[in-house]
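**Student:** File follows, protein_34.cif with mmCIF, N, CA and C atoms:
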```cif
data_final
loop_
_atom_site.group_PDB
_atom_site.id
_atom_site.type_symbol
_atom_site.label_atom_id
_atom_site.label_comp_id
_atom_site.auth_asym_id
_atom_site.auth_seq_id
_atom_site.Cartn_x
_atom_site.Cartn_y
_atom_site.Cartn_z
ATOM 1 N N MET A 203 -98.455 -25.635 -10.199
ATOM 2 C CA MET A 203 -98.803 -24.465 -10.968
ATOM 3 C C MET A 203 -98.516 -24.736 -12.440
ATOM 4 N N LYS A 204 -99.422 -24.321 -13.301
ATOM 5 C CA LYS A 204 -99.248 -24.535 -14.736
ATOM 6 C C LYS A 204 -98.306 -23.496 -15.331
ATOM 7 N N GLU A 205 -97.645 -23.893 -16.387
ATOM 8 C CA GLU A 205 -96.710 -23.016 -17.086
ATOM 9 C C GLU A 205 -97.473 -22.024 -17.967
ATOM 10 N N VAL A 206 -96.985 -20.786 -18.010
ATOM 11 C CA VAL A 206 -97.569 -19.758 -18.866
ATOM 12 C C VAL A 206 -96.648 -19.568 -20.062
ATOM 13 N N ASN A 207 -97.221 -19.640 -21.260
ATOM 14 C CA ASN A 207 -96.455 -19.447 -22.488
ATOM 15 C C ASN A 207 -96.917 -18.173 -23.165
ATOM 16 N N MET A 208 -95.961 -17.433 -23.722
ATOM 17 C CA MET A 208 -96.286 -16.207 -24.453
ATOM 18 C C MET A 208 -95.834 -16.347 -25.897
ATOM 19 N N PHE A 209 -96.663 -15.844 -26.800
ATOM 20 C CA PHE A 209 -96.369 -15.860 -28.224
ATOM 21 C C PHE A 209 -96.714 -14.490 -28.800
ATOM 22 N N LEU A 210 -96.047 -14.130 -29.868
ATOM 23 C CA LEU A 210 -96.460 -12.981 -30.664
ATOM 24 C C LEU A 210 -97.015 -13.536 -31.964
ATOM 25 N N GLN A 211 -98.220 -13.077 -32.306
ATOM 26 C CA GLN A 211 -98.877 -13.514 -33.540
ATOM 27 C C GLN A 211 -98.858 -12.349 -34.518
ATOM 28 N N GLY A 212 -98.298 -12.607 -35.699
ATOM 29 C CA GLY A 212 -98.111 -11.540 -36.658
ATOM 30 C C GLY A 212 -98.769 -11.796 -37.988
ATOM 31 N N PRO A 213 -98.211 -11.196 -39.028
ATOM 32 C CA PRO A 213 -98.768 -11.325 -40.372
ATOM 33 C C PRO A 213 -98.873 -12.791 -40.790
ATOM 34 N N GLY A 214 -99.989 -13.134 -41.440
ATOM 35 C CA GLY A 214 -100.200 -14.507 -41.872
ATOM 36 C C GLY A 214 -100.450 -15.468 -40.730
ATOM 37 N N LEU A 215 -100.776 -14.934 -39.555
ATOM 38 C CA LEU A 215 -101.012 -15.720 -38.337
ATOM 39 C C LEU A 215 -99.780 -16.492 -37.878
ATOM 40 N N GLU A 216 -98.597 -16.047 -38.299
ATOM 41 C CA GLU A 216 -97.352 -16.641 -37.804
ATOM 42 C C GLU A 216 -97.252 -16.389 -36.305
ATOM 43 N N ARG A 217 -96.832 -17.398 -35.552
ATOM 44 C CA ARG A 217 -96.634 -17.262 -34.108
ATOM 45 C C ARG A 217 -95.189 -17.545 -33.748
ATOM 46 N N ARG A 218 -94.659 -16.688 -32.881
ATOM 47 C CA ARG A 218 -93.305 -16.878 -32.367
ATOM 48 C C ARG A 218 -93.361 -16.929 -30.848
ATOM 49 N N ALA A 219 -92.735 -17.933 -30.273
ATOM 50 C CA ALA A 219 -92.625 -18.012 -28.813
ATOM 51 C C ALA A 219 -91.698 -16.899 -28.342
ATOM 52 N N VAL A 220 -92.092 -16.210 -27.259
ATOM 53 C CA VAL A 220 -91.299 -15.106 -26.726
ATOM 54 C C VAL A 220 -91.218 -15.196 -25.215
ATOM 55 N N THR A 221 -90.220 -14.524 -24.665
ATOM 56 C CA THR A 221 -90.085 -14.374 -23.217
ATOM 57 C C THR A 221 -89.829 -12.914 -22.908
ATOM 58 N N LEU A 222 -90.142 -12.515 -21.681
ATOM 59 C CA LEU A 222 -89.926 -11.145 -21.243
ATOM 60 C C LEU A 222 -88.439 -10.920 -21.012
ATOM 61 N N LEU A 223 -87.887 -9.910 -21.666
ATOM 62 C CA LEU A 223 -86.473 -9.591 -21.511
ATOM 63 C C LEU A 223 -86.283 -8.445 -20.529
ATOM 64 N N ALA A 224 -87.113 -7.389 -20.662
ATOM 65 C CA ALA A 224 -86.939 -6.204 -19.819
ATOM 66 C C ALA A 224 -88.238 -5.411 -19.758
ATOM 67 N N THR A 225 -88.321 -4.575 -18.729
ATOM 68 C CA THR A 225 -89.419 -3.634 -18.570
ATOM 69 C C THR A 225 -88.808 -2.286 -18.216
ATOM 70 N N GLU A 226 -89.297 -1.234 -18.865
ATOM 71 C CA GLU A 226 -88.820 0.110 -18.551
ATOM 72 C C GLU A 226 -90.008 1.069 -18.543
ATOM 73 N N GLN A 227 -89.880 2.170 -17.821
ATOM 74 C CA GLN A 227 -90.937 3.170 -17.790
ATOM 75 C C GLN A 227 -90.633 4.246 -18.814
ATOM 76 N N VAL A 228 -91.643 4.557 -19.638
ATOM 77 C CA VAL A 228 -91.498 5.572 -20.681
ATOM 78 C C VAL A 228 -92.723 6.485 -20.659
ATOM 79 N N PRO A 229 -92.587 7.724 -21.153
ATOM 80 C CA PRO A 229 -93.749 8.601 -21.260
ATOM 81 C C PRO A 229 -94.766 8.021 -22.238
ATOM 82 N N LEU A 230 -96.049 8.143 -21.911
ATOM 83 C CA LEU A 230 -97.117 7.602 -22.735
ATOM 84 C C LEU A 230 -97.055 8.108 -24.166
ATOM 85 N N GLU A 231 -96.681 9.361 -24.364
ATOM 86 C CA GLU A 231 -96.693 9.923 -25.715
ATOM 87 C C GLU A 231 -95.635 9.321 -26.639
ATOM 88 N N THR A 232 -94.706 8.512 -26.117
ATOM 89 C CA THR A 232 -93.708 7.875 -26.972
ATOM 90 C C THR A 232 -94.222 6.603 -27.636
ATOM 91 N N LEU A 233 -95.378 6.095 -27.199
ATOM 92 C CA LEU A 233 -95.932 4.876 -27.783
ATOM 93 C C LEU A 233 -96.681 5.180 -29.071
ATOM 94 N N VAL A 234 -96.710 4.231 -29.987
ATOM 95 C CA VAL A 234 -97.400 4.395 -31.268
ATOM 96 C C VAL A 234 -98.907 4.479 -31.059
ATOM 97 N N TYR A 235 -99.459 3.575 -30.254
ATOM 98 C CA TYR A 235 -100.900 3.551 -29.968
ATOM 99 C C TYR A 235 -101.119 4.020 -28.537
ATOM 100 N N GLN A 236 -101.966 5.044 -28.361
ATOM 101 C CA GLN A 236 -102.211 5.626 -27.052
ATOM 102 C C GLN A 236 -103.695 5.647 -26.743
ATOM 103 N N ALA A 237 -104.016 5.743 -25.473
ATOM 104 C CA ALA A 237 -105.405 5.944 -25.066
ATOM 105 C C ALA A 237 -105.809 7.361 -25.472
ATOM 106 N N VAL A 238 -106.996 7.505 -26.001
ATOM 107 C CA VAL A 238 -107.465 8.799 -26.495
ATOM 108 C C VAL A 238 -107.547 9.827 -25.382
ATOM 109 N N ASN A 239 -108.014 9.440 -24.221
ATOM 110 C CA ASN A 239 -108.219 10.385 -23.126
ATOM 111 C C ASN A 239 -107.090 10.395 -22.101
ATOM 112 N N ALA A 240 -105.934 9.884 -22.433
ATOM 113 C CA ALA A 240 -104.825 9.780 -21.482
ATOM 114 C C ALA A 240 -104.120 11.118 -21.301
ATOM 115 N N ARG A 241 -103.641 11.330 -20.084
ATOM 116 C CA ARG A 241 -102.849 12.529 -19.801
ATOM 117 C C ARG A 241 -101.454 12.361 -20.394
ATOM 118 N N ARG A 242 -100.857 13.433 -20.778
ATOM 119 C CA ARG A 242 -99.547 13.392 -21.436
ATOM 120 C C ARG A 242 -98.381 13.178 -20.477
ATOM 121 N N ASP A 243 -98.556 13.454 -19.191
ATOM 122 C CA ASP A 243 -97.446 13.334 -18.251
ATOM 123 C C ASP A 243 -97.417 11.988 -17.527
ATOM 124 N N VAL A 244 -98.058 10.988 -18.106
ATOM 125 C CA VAL A 244 -98.152 9.661 -17.496
ATOM 126 C C VAL A 244 -97.005 8.769 -17.972
ATOM 127 N N LEU A 245 -96.413 8.032 -17.037
ATOM 128 C CA LEU A 245 -95.407 7.029 -17.379
ATOM 129 C C LEU A 245 -96.084 5.665 -17.432
ATOM 130 N N VAL A 246 -95.710 4.853 -18.403
ATOM 131 C CA VAL A 246 -96.254 3.504 -18.531
ATOM 132 C C VAL A 246 -95.101 2.504 -18.584
ATOM 133 N N ASP A 247 -95.380 1.266 -18.177
ATOM 134 C CA ASP A 247 -94.385 0.201 -18.282
ATOM 135 C C ASP A 247 -94.348 -0.292 -19.719
ATOM 136 N N LEU A 248 -93.177 -0.273 -20.321
ATOM 137 C CA LEU A 248 -92.978 -0.767 -21.674
ATOM 138 C C LEU A 248 -92.196 -2.071 -21.578
ATOM 139 N N HIS A 249 -92.736 -3.122 -22.192
ATOM 140 C CA HIS A 249 -92.100 -4.433 -22.131
ATOM 141 C C HIS A 249 -91.323 -4.704 -23.415
ATOM 142 N N ILE A 250 -90.196 -5.343 -23.260
ATOM 143 C CA ILE A 250 -89.379 -5.782 -24.388
ATOM 144 C C ILE A 250 -89.331 -7.299 -24.327
ATOM 145 N N LEU A 251 -89.757 -7.928 -25.427
ATOM 146 C CA LEU A 251 -89.785 -9.389 -25.521
ATOM 147 C C LEU A 251 -88.702 -9.860 -26.472
ATOM 148 N N VAL A 252 -88.277 -11.095 -26.322
ATOM 149 C CA VAL A 252 -87.276 -11.677 -27.210
ATOM 150 C C VAL A 252 -87.775 -13.042 -27.665
ATOM 151 N N ASP A 253 -87.588 -13.330 -28.977
ATOM 152 C CA ASP A 253 -87.995 -14.637 -29.501
ATOM 153 C C ASP A 253 -86.826 -15.614 -29.437
ATOM 154 N N GLU A 254 -87.042 -16.832 -29.913
ATOM 155 C CA GLU A 254 -86.025 -17.888 -29.814
ATOM 156 C C GLU A 254 -84.777 -17.610 -30.650
ATOM 157 N N GLN A 255 -84.892 -16.737 -31.668
ATOM 158 C CA GLN A 255 -83.738 -16.380 -32.501
ATOM 159 C C GLN A 255 -83.021 -15.130 -31.999
ATOM 160 N N GLY A 256 -83.491 -14.552 -30.891
ATOM 161 C CA GLY A 256 -82.855 -13.368 -30.317
ATOM 162 C C GLY A 256 -83.391 -12.053 -30.855
ATOM 163 N N ASN A 257 -84.463 -12.082 -31.643
ATOM 164 C CA ASN A 257 -85.061 -10.855 -32.165
ATOM 165 C C ASN A 257 -85.842 -10.150 -31.066
ATOM 166 N N LEU A 258 -85.642 -8.825 -30.942
ATOM 167 C CA LEU A 258 -86.309 -8.041 -29.914
ATOM 168 C C LEU A 258 -87.594 -7.429 -30.442
ATOM 169 N N ALA A 259 -88.638 -7.457 -29.621
ATOM 170 C CA ALA A 259 -89.919 -6.830 -29.960
ATOM 171 C C ALA A 259 -90.273 -5.868 -28.836
ATOM 172 N N ARG A 260 -90.582 -4.612 -29.205
ATOM 173 C CA ARG A 260 -90.943 -3.587 -28.226
ATOM 174 C C ARG A 260 -92.442 -3.350 -28.241
ATOM 175 N N GLN A 261 -92.993 -3.136 -27.069
ATOM 176 C CA GLN A 261 -94.407 -2.812 -26.911
ATOM 177 C C GLN A 261 -94.703 -1.470 -27.570
ATOM 178 N N ILE A 262 -95.832 -1.381 -28.311
ATOM 179 C CA ILE A 262 -96.167 -0.137 -29.007
ATOM 180 C C ILE A 262 -97.511 0.437 -28.575
ATOM 181 N N ASP A 263 -98.165 -0.158 -27.585
ATOM 182 C CA ASP A 263 -99.436 0.372 -27.090
ATOM 183 C C ASP A 263 -99.416 0.427 -25.568
ATOM 184 N N HIS A 264 -100.369 1.143 -24.987
ATOM 185 C CA HIS A 264 -100.378 1.278 -23.528
ATOM 186 C C HIS A 264 -100.960 0.052 -22.826
ATOM 187 N N GLU A 265 -101.666 -0.828 -23.542
ATOM 188 C CA GLU A 265 -102.238 -2.015 -22.924
ATOM 189 C C GLU A 265 -101.250 -3.174 -22.827
ATOM 190 N N GLY A 266 -100.199 -3.150 -23.630
ATOM 191 C CA GLY A 266 -99.229 -4.237 -23.634
ATOM 192 C C GLY A 266 -99.628 -5.407 -24.501
ATOM 193 N N LEU A 267 -100.468 -5.159 -25.511
ATOM 194 C CA LEU A 267 -100.946 -6.225 -26.385
ATOM 195 C C LEU A 267 -100.347 -6.196 -27.786
ATOM 196 N N ARG A 268 -99.751 -5.073 -28.189
ATOM 197 C CA ARG A 268 -99.190 -4.945 -29.544
ATOM 198 C C ARG A 268 -97.698 -4.649 -29.468
ATOM 199 N N TYR A 269 -96.965 -5.320 -30.351
ATOM 200 C CA TYR A 269 -95.504 -5.235 -30.352
ATOM 201 C C TYR A 269 -94.996 -5.110 -31.780
ATOM 202 N N ARG A 270 -93.763 -4.604 -31.919
ATOM 203 C CA ARG A 270 -93.068 -4.567 -33.209
ATOM 204 C C ARG A 270 -91.649 -5.070 -33.006
ATOM 205 N N PHE A 271 -91.223 -5.912 -33.940
ATOM 206 C CA PHE A 271 -89.837 -6.358 -33.931
ATOM 207 C C PHE A 271 -88.958 -5.260 -34.518
ATOM 208 N N ASN A 272 -87.724 -5.174 -34.041
ATOM 209 C CA ASN A 272 -86.782 -4.186 -34.564
ATOM 210 C C ASN A 272 -86.642 -4.347 -36.069
ATOM 211 N N GLY A 273 -86.687 -3.227 -36.790
ATOM 212 C CA GLY A 273 -86.525 -3.246 -38.236
ATOM 213 C C GLY A 273 -87.779 -3.593 -39.005
ATOM 214 N N SER A 274 -88.937 -3.664 -38.342
ATOM 215 C CA SER A 274 -90.191 -4.021 -39.002
ATOM 216 C C SER A 274 -91.284 -3.029 -38.629
ATOM 217 N N ASN A 275 -92.214 -2.799 -39.549
ATOM 218 C CA ASN A 275 -93.365 -1.955 -39.258
ATOM 219 C C ASN A 275 -94.618 -2.767 -38.976
ATOM 220 N N ALA A 276 -94.532 -4.078 -39.067
ATOM 221 C CA ALA A 276 -95.684 -4.944 -38.816
ATOM 222 C C ALA A 276 -95.972 -5.025 -37.331
ATOM 223 N N SER A 277 -97.246 -4.950 -36.968
ATOM 224 C CA SER A 277 -97.670 -5.100 -35.580
ATOM 225 C C SER A 277 -97.945 -6.572 -35.281
ATOM 226 N N TRP A 278 -97.530 -7.012 -34.123
ATOM 227 C CA TRP A 278 -97.736 -8.375 -33.674
ATOM 228 C C TRP A 278 -98.566 -8.324 -32.391
ATOM 229 N N ALA A 279 -99.494 -9.265 -32.235
ATOM 230 C CA ALA A 279 -100.366 -9.323 -31.062
ATOM 231 C C ALA A 279 -99.844 -10.328 -30.048
ATOM 232 N N LEU A 280 -99.899 -9.963 -28.779
ATOM 233 C CA LEU A 280 -99.475 -10.868 -27.714
ATOM 234 C C LEU A 280 -100.569 -11.903 -27.456
ATOM 235 N N VAL A 281 -100.166 -13.177 -27.430
ATOM 236 C CA VAL A 281 -101.068 -14.296 -27.136
ATOM 237 C C VAL A 281 -100.469 -15.033 -25.943
ATOM 238 N N VAL A 282 -101.276 -15.217 -24.890
ATOM 239 C CA VAL A 282 -100.821 -15.910 -23.685
ATOM 240 C C VAL A 282 -101.616 -17.191 -23.530
ATOM 241 N N SER A 283 -100.912 -18.290 -23.280
ATOM 242 C CA SER A 283 -101.613 -19.574 -23.085
ATOM 243 C C SER A 283 -101.091 -20.268 -21.849
#
```
As structure tokens, how would this structure be written, given the file I've shared?
**Tutor:**
Amino acid sequence: MKEVNMFLQGPGLERRAVTLLATEQVPLETLVYQAVNARRDVLVDLHILVDEQGNLARQIDHEGLRYRFNGSNASWALVVS
């Protein structure tokens, strides 16, 4: 089986290798980016990733493709290879 690598790609196309640290269920309305037609009483899995320096990035959309590192407003995109 081939290895799966995850990266977050951010401003200036910088890429950081990340791994999954935790998953928790949160109400959909707590996410920054939501589905337009989503019901408000829906729980979604929120993933928390960690980079090689120990920086935490929390999922900010319901698809699991956009993340933000703690203390930053920049959005980072998940890249899987």
**Student:** Could you write out as a PyMOL selection string the residues that the PyMOL selection byres ((chain A and resi 247-259) around 8) matches in the shown file?
**Tutor:** chain A and resi 218-230+244-246+260-264+266+268-273
**Student:** Which is closest to Ala279 of chain A among A:Thr232, A:Arg217, A:Gly212, A:Val206, if we use only N, CA and C atoms?
**Tutor:**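 Using only N, CA and C atoms, Ala279 of chain A sits closest to A:Gly212.
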**Student:** From a backbone DSSP assignment, name each residue in chain A labelled strand (DSSP E or B), as a PDB file with N, CA and C atoms, in the frame of the given file.
**Tutor:**
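What landed in selection.pdb:
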```pdb
ATOM      1  N   MET A 208     -95.961 -17.433 -23.722  1.00  0.00           N
ATOM      2  CA  MET A 208     -96.286 -16.207 -24.453  1.00  0.00           C
ATOM      3  C   MET A 208     -95.834 -16.347 -25.897  1.00  0.00           C
ATOM      4  N   PHE A 209     -96.663 -15.844 -26.800  1.00  0.00           N
ATOM      5  CA  PHE A 209     -96.369 -15.860 -28.224  1.00  0.00           C
ATOM      6  C   PHE A 209     -96.714 -14.490 -28.800  1.00  0.00           C
ATOM      7  N   LEU A 210     -96.047 -14.130 -29.868  1.00  0.00           N
ATOM      8  CA  LEU A 210     -96.460 -12.981 -30.664  1.00  0.00           C
ATOM      9  C   LEU A 210     -97.015 -13.536 -31.964  1.00  0.00           C
ATOM     10  N   GLN A 211     -98.220 -13.077 -32.306  1.00  0.00           N
ATOM     11  CA  GLN A 211     -98.877 -13.514 -33.540  1.00  0.00           C
ATOM     12  C   GLN A 211     -98.858 -12.349 -34.518  1.00  0.00           C
ATOM     13  N   ARG A 217     -96.832 -17.398 -35.552  1.00  0.00           N
ATOM     14  CA  ARG A 217     -96.634 -17.262 -34.108  1.00  0.00           C
ATOM     15  C   ARG A 217     -95.189 -17.545 -33.748  1.00  0.00           C
ATOM     16  N   ARG A 218     -94.659 -16.688 -32.881  1.00  0.00           N
ATOM     17  CA  ARG A 218     -93.305 -16.878 -32.367  1.00  0.00           C
ATOM     18  C   ARG A 218     -93.361 -16.929 -30.848  1.00  0.00           C
ATOM     19  N   ALA A 219     -92.735 -17.933 -30.273  1.00  0.00           N
ATOM     20  CA  ALA A 219     -92.625 -18.012 -28.813  1.00  0.00           C
ATOM     21  C   ALA A 219     -91.698 -16.899 -28.342  1.00  0.00           C
ATOM     22  N   VAL A 220     -92.092 -16.210 -27.259  1.00  0.00           N
ATOM     23  CA  VAL A 220     -91.299 -15.106 -26.726  1.00  0.00           C
ATOM     24  C   VAL A 220     -91.218 -15.196 -25.215  1.00  0.00           C
ATOM     25  N   THR A 221     -90.220 -14.524 -24.665  1.00  0.00           N
ATOM     26  CA  THR A 221     -90.085 -14.374 -23.217  1.00  0.00           C
ATOM     27  C   THR A 221     -89.829 -12.914 -22.908  1.00  0.00           C
ATOM     28  N   LEU A 222     -90.142 -12.515 -21.681  1.00  0.00           N
ATOM     29  CA  LEU A 222     -89.926 -11.145 -21.243  1.00  0.00           C
ATOM     30  C   LEU A 222     -88.439 -10.920 -21.012  1.00  0.00           C
ATOM     31  N   LEU A 223     -87.887  -9.910 -21.666  1.00  0.00           N
ATOM     32  CA  LEU A 223     -86.473  -9.591 -21.511  1.00  0.00           C
ATOM     33  C   LEU A 223     -86.283  -8.445 -20.529  1.00  0.00           C
ATOM     34  N   ALA A 224     -87.113  -7.389 -20.662  1.00  0.00           N
ATOM     35  CA  ALA A 224     -86.939  -6.204 -19.819  1.00  0.00           C
ATOM     36  C   ALA A 224     -88.238  -5.411 -19.758  1.00  0.00           C
ATOM     37  N   THR A 225     -88.321  -4.575 -18.729  1.00  0.00           N
ATOM     38  CA  THR A 225     -89.419  -3.634 -18.570  1.00  0.00           C
ATOM     39  C   THR A 225     -88.808  -2.286 -18.216  1.00  0.00           C
ATOM     40  N   GLU A 226     -89.297  -1.234 -18.865  1.00  0.00           N
ATOM     41  CA  GLU A 226     -88.820   0.110 -18.551  1.00  0.00           C
ATOM     42  C   GLU A 226     -90.008   1.069 -18.543  1.00  0.00           C
ATOM     43  N   GLN A 227     -89.880   2.170 -17.821  1.00  0.00           N
ATOM     44  CA  GLN A 227     -90.937   3.170 -17.790  1.00  0.00           C
ATOM     45  C   GLN A 227     -90.633   4.246 -18.814  1.00  0.00           C
ATOM     46  N   VAL A 228     -91.643   4.557 -19.638  1.00  0.00           N
ATOM     47  CA  VAL A 228     -91.498   5.572 -20.681  1.00  0.00           C
ATOM     48  C   VAL A 228     -92.723   6.485 -20.659  1.00  0.00           C
ATOM     49  N   PRO A 229     -92.587   7.724 -21.153  1.00  0.00           N
ATOM     50  CA  PRO A 229     -93.749   8.601 -21.260  1.00  0.00           C
ATOM     51  C   PRO A 229     -94.766   8.021 -22.238  1.00  0.00           C
ATOM     52  N   TYR A 235     -99.459   3.575 -30.254  1.00  0.00           N
ATOM     53  CA  TYR A 235    -100.900   3.551 -29.968  1.00  0.00           C
ATOM     54  C   TYR A 235    -101.119   4.020 -28.537  1.00  0.00           C
ATOM     55  N   LEU A 245     -96.413   8.032 -17.037  1.00  0.00           N
ATOM     56  CA  LEU A 245     -95.407   7.029 -17.379  1.00  0.00           C
ATOM     57  C   LEU A 245     -96.084   5.665 -17.432  1.00  0.00           C
ATOM     58  N   VAL A 246     -95.710   4.853 -18.403  1.00  0.00           N
ATOM     59  CA  VAL A 246     -96.254   3.504 -18.531  1.00  0.00           C
ATOM     60  C   VAL A 246     -95.101   2.504 -18.584  1.00  0.00           C
ATOM     61  N   ASP A 247     -95.380   1.266 -18.177  1.00  0.00           N
ATOM     62  CA  ASP A 247     -94.385   0.201 -18.282  1.00  0.00           C
ATOM     63  C   ASP A 247     -94.348  -0.292 -19.719  1.00  0.00           C
ATOM     64  N   LEU A 248     -93.177  -0.273 -20.321  1.00  0.00           N
ATOM     65  CA  LEU A 248     -92.978  -0.767 -21.674  1.00  0.00           C
ATOM     66  C   LEU A 248     -92.196  -2.071 -21.578  1.00  0.00           C
ATOM     67  N   HIS A 249     -92.736  -3.122 -22.192  1.00  0.00           N
ATOM     68  CA  HIS A 249     -92.100  -4.433 -22.131  1.00  0.00           C
ATOM     69  C   HIS A 249     -91.323  -4.704 -23.415  1.00  0.00           C
ATOM     70  N   ILE A 250     -90.196  -5.343 -23.260  1.00  0.00           N
ATOM     71  CA  ILE A 250     -89.379  -5.782 -24.388  1.00  0.00           C
ATOM     72  C   ILE A 250     -89.331  -7.299 -24.327  1.00  0.00           C
ATOM     73  N   LEU A 251     -89.757  -7.928 -25.427  1.00  0.00           N
ATOM     74  CA  LEU A 251     -89.785  -9.389 -25.521  1.00  0.00           C
ATOM     75  C   LEU A 251     -88.702  -9.860 -26.472  1.00  0.00           C
ATOM     76  N   VAL A 252     -88.277 -11.095 -26.322  1.00  0.00           N
ATOM     77  CA  VAL A 252     -87.276 -11.677 -27.210  1.00  0.00           C
ATOM     78  C   VAL A 252     -87.775 -13.042 -27.665  1.00  0.00           C
ATOM     79  N   ASP A 253     -87.588 -13.330 -28.977  1.00  0.00           N
ATOM     80  CA  ASP A 253     -87.995 -14.637 -29.501  1.00  0.00           C
ATOM     81  C   ASP A 253     -86.826 -15.614 -29.437  1.00  0.00           C
ATOM     82  N   LEU A 258     -85.642  -8.825 -30.942  1.00  0.00           N
ATOM     83  CA  LEU A 258     -86.309  -8.041 -29.914  1.00  0.00           C
ATOM     84  C   LEU A 258     -87.594  -7.429 -30.442  1.00  0.00           C
ATOM     85  N   ALA A 259     -88.638  -7.457 -29.621  1.00  0.00           N
ATOM     86  CA  ALA A 259     -89.919  -6.830 -29.960  1.00  0.00           C
ATOM     87  C   ALA A 259     -90.273  -5.868 -28.836  1.00  0.00           C
ATOM     88  N   ARG A 260     -90.582  -4.612 -29.205  1.00  0.00           N
ATOM     89  CA  ARG A 260     -90.943  -3.587 -28.226  1.00  0.00           C
ATOM     90  C   ARG A 260     -92.442  -3.350 -28.241  1.00  0.00           C
ATOM     91  N   GLN A 261     -92.993  -3.136 -27.069  1.00  0.00           N
ATOM     92  CA  GLN A 261     -94.407  -2.812 -26.911  1.00  0.00           C
ATOM     93  C   GLN A 261     -94.703  -1.470 -27.570  1.00  0.00           C
ATOM     94  N   ASP A 263     -98.165  -0.158 -27.585  1.00  0.00           N
ATOM     95  CA  ASP A 263     -99.436   0.372 -27.090  1.00  0.00           C
ATOM     96  C   ASP A 263     -99.416   0.427 -25.568  1.00  0.00           C
ATOM     97  N   ARG A 268     -99.751  -5.073 -28.189  1.00  0.00           N
ATOM     98  CA  ARG A 268     -99.190  -4.945 -29.544  1.00  0.00           C
ATOM     99  C   ARG A 268     -97.698  -4.649 -29.468  1.00  0.00           C
ATOM    100  N   TYR A 269     -96.965  -5.320 -30.351  1.00  0.00           N
ATOM    101  CA  TYR A 269     -95.504  -5.235 -30.352  1.00  0.00           C
ATOM    102  C   TYR A 269     -94.996  -5.110 -31.780  1.00  0.00           C
ATOM    103  N   ARG A 270     -93.763  -4.604 -31.919  1.00  0.00           N
ATOM    104  CA  ARG A 270     -93.068  -4.567 -33.209  1.00  0.00           C
ATOM    105  C   ARG A 270     -91.649  -5.070 -33.006  1.00  0.00           C
ATOM    106  N   PHE A 271     -91.223  -5.912 -33.940  1.00  0.00           N
ATOM    107  CA  PHE A 271     -89.837  -6.358 -33.931  1.00  0.00           C
ATOM    108  C   PHE A 271     -88.958  -5.260 -34.518  1.00  0.00           C
ATOM    109  N   TRP A 278     -97.530  -7.012 -34.123  1.00  0.00           N
ATOM    110  CA  TRP A 278     -97.736  -8.375 -33.674  1.00  0.00           C
ATOM    111  C   TRP A 278     -98.566  -8.324 -32.391  1.00  0.00           C
ATOM    112  N   ALA A 279     -99.494  -9.265 -32.235  1.00  0.00           N
ATOM    113  CA  ALA A 279    -100.366  -9.323 -31.062  1.00  0.00           C
ATOM    114  C   ALA A 279     -99.844 -10.328 -30.048  1.00  0.00           C
ATOM    115  N   LEU A 280     -99.899  -9.963 -28.779  1.00  0.00           N
ATOM    116  CA  LEU A 280     -99.475 -10.868 -27.714  1.00  0.00           C
ATOM    117  C   LEU A 280    -100.569 -11.903 -27.456  1.00  0.00           C
ATOM    118  N   VAL A 281    -100.166 -13.177 -27.430  1.00  0.00           N
ATOM    119  CA  VAL A 281    -101.068 -14.296 -27.136  1.00  0.00           C
ATOM    120  C   VAL A 281    -100.469 -15.033 -25.943  1.00  0.00           C
ATOM    121  N   VAL A 282    -101.276 -15.217 -24.890  1.00  0.00           N
ATOM    122  CA  VAL A 282    -100.821 -15.910 -23.685  1.00  0.00           C
ATOM    123  C   VAL A 282    -101.616 -17.191 -23.530  1.00  0.00           C
TER     124      VAL A 282
END
```
**Student:** Given the file above and the PyMOL selection byres (((chain A and resi 280 and name CA) around 7) and name CA), which residues are selected, and can you give them as a list of chain:residue names?
**Tutor:**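 For this structure, the PyMOL selection byres (((chain A and resi 280 and name CA) around 7) and name CA) captures A:Phe209, A:Leu210, A:Gln211, A:Leu267, A:Arg268, A:Trp278, A:Ala279, A:Val281, A:Val282.
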**Student:** Just to confirm, what's the straight-line distance from atom CA of Asn207 of chain A to atom CA of Ser283 of chain A in Å (one decimal)?
**Tutor:** 5.2 Å
